[in-house]
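Let me begin by presenting the structure, written as structure tokens, before commenting on it.
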Amino acid sequence: LEHAQTARAWLQENVVTVSATAGDNGRLFGAVTTGEIADAIKEAGAGSVDKRKIEITTPMRSLGEYSVLVRLHPEVQATVDVKVARA
């Protein structure tokens, strides 16, 4: 529980960046997946997060900033800001 609360504090204070291939109009070729977000969180230094614990409410199909919900523990949830940038 304490580890989940520490991870929540880190995730809510930082922005996680995901690189994706996009066209000239900013639309992605495909969409950002929970696996890509989990990898980006791990690369950012927050530790590993199970991709099945990440909930995407709005499909990420264009460049920009989004918010996703991460369930770290049954009692602990974090809202993570994800920036989708051009690769």
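Numbering starts fresh at 1 for the residues of each chain in the structure tokens, the chains themselves are lettered A, B, ... in the order given, and ligands are numbered from 1 as they appear.
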Within 10 Å of A:Ile54 using only C-alpha atoms, minus same-chain residues under 5 positions, as a list in words: Thr33, Thr34, Gly35, Ile37, Ala38, Val49, Val68, Leu69, Val70, Arg71, Leu72, Gln77, Ala78, Thr79 and Val80 of chain A
Kindly export the residues of the current selection with C-alpha atoms, as a tab-separated table (two decimals), in the first residue's frame.
chain	number	residue	atom	x	y	z
A	33	THR	CA	-2.03	1.27	-26.45
A	34	THR	CA	-1.88	0.54	-22.74
A	35	GLY	CA	1.31	-1.45	-23.35
A	37	ILE	CA	1.91	3.71	-21.86
A	38	ALA	CA	3.21	1.07	-19.41
A	49	VAL	CA	2.96	-0.90	-14.13
A	68	VAL	CA	-5.41	7.97	-18.11
A	69	LEU	CA	-6.35	6.15	-14.93
A	70	VAL	CA	-3.89	3.69	-13.38
A	71	ARG	CA	-5.04	1.29	-10.68
A	72	LEU	CA	-1.95	0.70	-8.56
A	77	GLN	CA	-5.62	5.02	-8.15
A	78	ALA	CA	-3.58	7.61	-10.02
A	79	THR	CA	-4.48	9.95	-12.83
A	80	VAL	CA	-1.52	10.15	-15.20
Just asking: which residues within chain A are strand (DSSP E) according to DSSP, as a PyMOL selection string? chain A and resi 15-20+54-55+64-73+76-86
Export N, CA, C and O atoms of the chosen residues as a short mmCIF file (atom, residue, chain, number, x, y, z; two decimals), in the first residue's frame?
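Written out: result_6.cif:
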data_model
loop_
_atom_site.label_atom_id
_atom_site.label_comp_id
_atom_site.auth_asym_id
_atom_site.auth_seq_id
_atom_site.Cartn_x
_atom_site.Cartn_y
_atom_site.Cartn_z
N VAL A 15 4.71 14.16 -16.14
CA VAL A 15 4.04 13.88 -17.41
C VAL A 15 4.81 12.78 -18.12
O VAL A 15 6.03 12.84 -18.22
N VAL A 16 4.11 11.76 -18.57
CA VAL A 16 4.73 10.64 -19.27
C VAL A 16 4.59 10.90 -20.77
O VAL A 16 3.51 11.24 -21.25
N THR A 17 5.69 10.76 -21.50
CA THR A 17 5.68 11.03 -22.94
C THR A 17 5.75 9.73 -23.73
O THR A 17 6.60 8.88 -23.46
N VAL A 18 4.85 9.60 -24.69
CA VAL A 18 4.81 8.45 -25.59
C VAL A 18 5.08 8.96 -27.00
O VAL A 18 4.44 9.91 -27.45
N SER A 19 6.03 8.36 -27.69
CA SER A 19 6.34 8.74 -29.06
C SER A 19 5.53 7.87 -30.02
O SER A 19 5.44 6.66 -29.82
N ALA A 20 4.97 8.52 -31.04
CA ALA A 20 4.17 7.79 -32.02
C ALA A 20 4.35 8.41 -33.40
O ALA A 20 4.63 9.61 -33.51
N ILE A 54 -4.17 -0.14 -16.57
CA ILE A 54 -4.29 1.19 -17.17
C ILE A 54 -5.61 1.28 -17.92
O ILE A 54 -5.92 0.41 -18.72
N GLU A 55 -6.37 2.35 -17.65
CA GLU A 55 -7.66 2.54 -18.32
C GLU A 55 -7.60 3.80 -19.17
O GLU A 55 -7.37 4.90 -18.66
N GLY A 64 -0.99 15.15 -28.76
CA GLY A 64 -1.57 16.00 -27.72
C GLY A 64 -1.40 15.39 -26.35
O GLY A 64 -0.62 14.46 -26.14
N GLU A 65 -2.14 15.94 -25.39
CA GLU A 65 -2.08 15.47 -24.01
C GLU A 65 -3.40 14.82 -23.62
O GLU A 65 -4.47 15.30 -23.98
N TYR A 66 -3.27 13.73 -22.88
CA TYR A 66 -4.42 12.95 -22.45
C TYR A 66 -4.25 12.58 -20.98
O TYR A 66 -3.14 12.65 -20.44
N SER A 67 -5.33 12.17 -20.34
CA SER A 67 -5.27 11.66 -18.97
C SER A 67 -5.74 10.21 -18.97
O SER A 67 -6.72 9.88 -19.63
N VAL A 68 -5.02 9.37 -18.24
CA VAL A 68 -5.41 7.97 -18.11
C VAL A 68 -5.46 7.63 -16.63
O VAL A 68 -4.81 8.27 -15.81
N LEU A 69 -6.22 6.61 -16.29
CA LEU A 69 -6.35 6.15 -14.93
C LEU A 69 -5.51 4.89 -14.75
O LEU A 69 -5.58 3.97 -15.57
N VAL A 70 -4.71 4.86 -13.69
CA VAL A 70 -3.89 3.69 -13.38
C VAL A 70 -4.30 3.18 -12.01
O VAL A 70 -4.28 3.93 -11.03
N ARG A 71 -4.68 1.92 -11.96
CA ARG A 71 -5.04 1.29 -10.68
C ARG A 71 -3.80 0.60 -10.13
O ARG A 71 -3.41 -0.46 -10.61
N LEU A 72 -3.20 1.21 -9.13
CA LEU A 72 -1.95 0.70 -8.56
C LEU A 72 -2.20 -0.33 -7.46
O LEU A 72 -1.35 -1.17 -7.19
N HIS A 73 -3.33 -0.23 -6.82
CA HIS A 73 -3.68 -1.07 -5.67
C HIS A 73 -5.19 -1.00 -5.55
O HIS A 73 -5.79 -0.03 -6.02
N VAL A 76 -5.75 2.34 -4.20
CA VAL A 76 -4.97 3.47 -4.72
C VAL A 76 -5.09 3.55 -6.24
O VAL A 76 -4.81 2.60 -6.95
N GLN A 77 -5.53 4.74 -6.72
CA GLN A 77 -5.62 5.02 -8.15
C GLN A 77 -4.85 6.31 -8.43
O GLN A 77 -4.78 7.17 -7.57
N ALA A 78 -4.30 6.41 -9.62
CA ALA A 78 -3.58 7.61 -10.02
C ALA A 78 -4.07 8.07 -11.38
O ALA A 78 -4.32 7.26 -12.26
N THR A 79 -4.19 9.37 -11.53
CA THR A 79 -4.48 9.95 -12.83
C THR A 79 -3.15 10.41 -13.41
O THR A 79 -2.44 11.20 -12.80
N VAL A 80 -2.81 9.88 -14.58
CA VAL A 80 -1.52 10.15 -15.20
C VAL A 80 -1.72 11.00 -16.45
O VAL A 80 -2.58 10.69 -17.27
N ASP A 81 -0.93 12.06 -16.57
CA ASP A 81 -0.96 12.87 -17.77
C ASP A 81 0.00 12.25 -18.78
O ASP A 81 1.18 12.03 -18.48
N VAL A 82 -0.51 11.96 -19.96
CA VAL A 82 0.28 11.34 -21.03
C VAL A 82 0.35 12.30 -22.20
O VAL A 82 -0.68 12.76 -22.69
N LYS A 83 1.56 12.60 -22.63
CA LYS A 83 1.75 13.46 -23.79
C LYS A 83 2.14 12.58 -24.96
O LYS A 83 3.11 11.84 -24.89
N VAL A 84 1.38 12.66 -26.05
CA VAL A 84 1.68 11.90 -27.25
C VAL A 84 2.43 12.85 -28.17
O VAL A 84 1.91 13.88 -28.61
N ALA A 85 3.71 12.51 -28.45
CA ALA A 85 4.58 13.35 -29.26
C ALA A 85 4.95 12.64 -30.55
O ALA A 85 4.92 11.41 -30.62
N ARG A 86 5.31 13.42 -31.53
CA ARG A 86 5.72 12.86 -32.82
C ARG A 86 7.05 12.13 -32.67
O ARG A 86 7.98 12.64 -32.08
#
Select from chain A everything DSSP, run on the backbone, classes as helix (DSSP H, G or I), then give the selection as JSON, numbers by chain. {"A": [2, 3, 4, 5, 6, 7, 8, 9, 10, 11, 12, 13, 34, 35, 36, 37, 38, 39, 40, 41, 42, 43, 44, 51, 52, 53]}
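Atom CA of A:Trp10 lies 10.3 Å from atom CA of A:Ala44.
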One decimal, in Å: what's the spacing between atom CA of A:Asp39 and atom CA of A:Arg61? 17.9 Å
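The gap separating atom CA of A:Ala87 from atom CA of A:Gly23 is 10.7 Å, in Å to one decimal.
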Residue among A:Thr21, A:Val32, A:Glu2, A:Gln12 lying closest to A:Met60, counting only C-alpha atoms: A:Val32
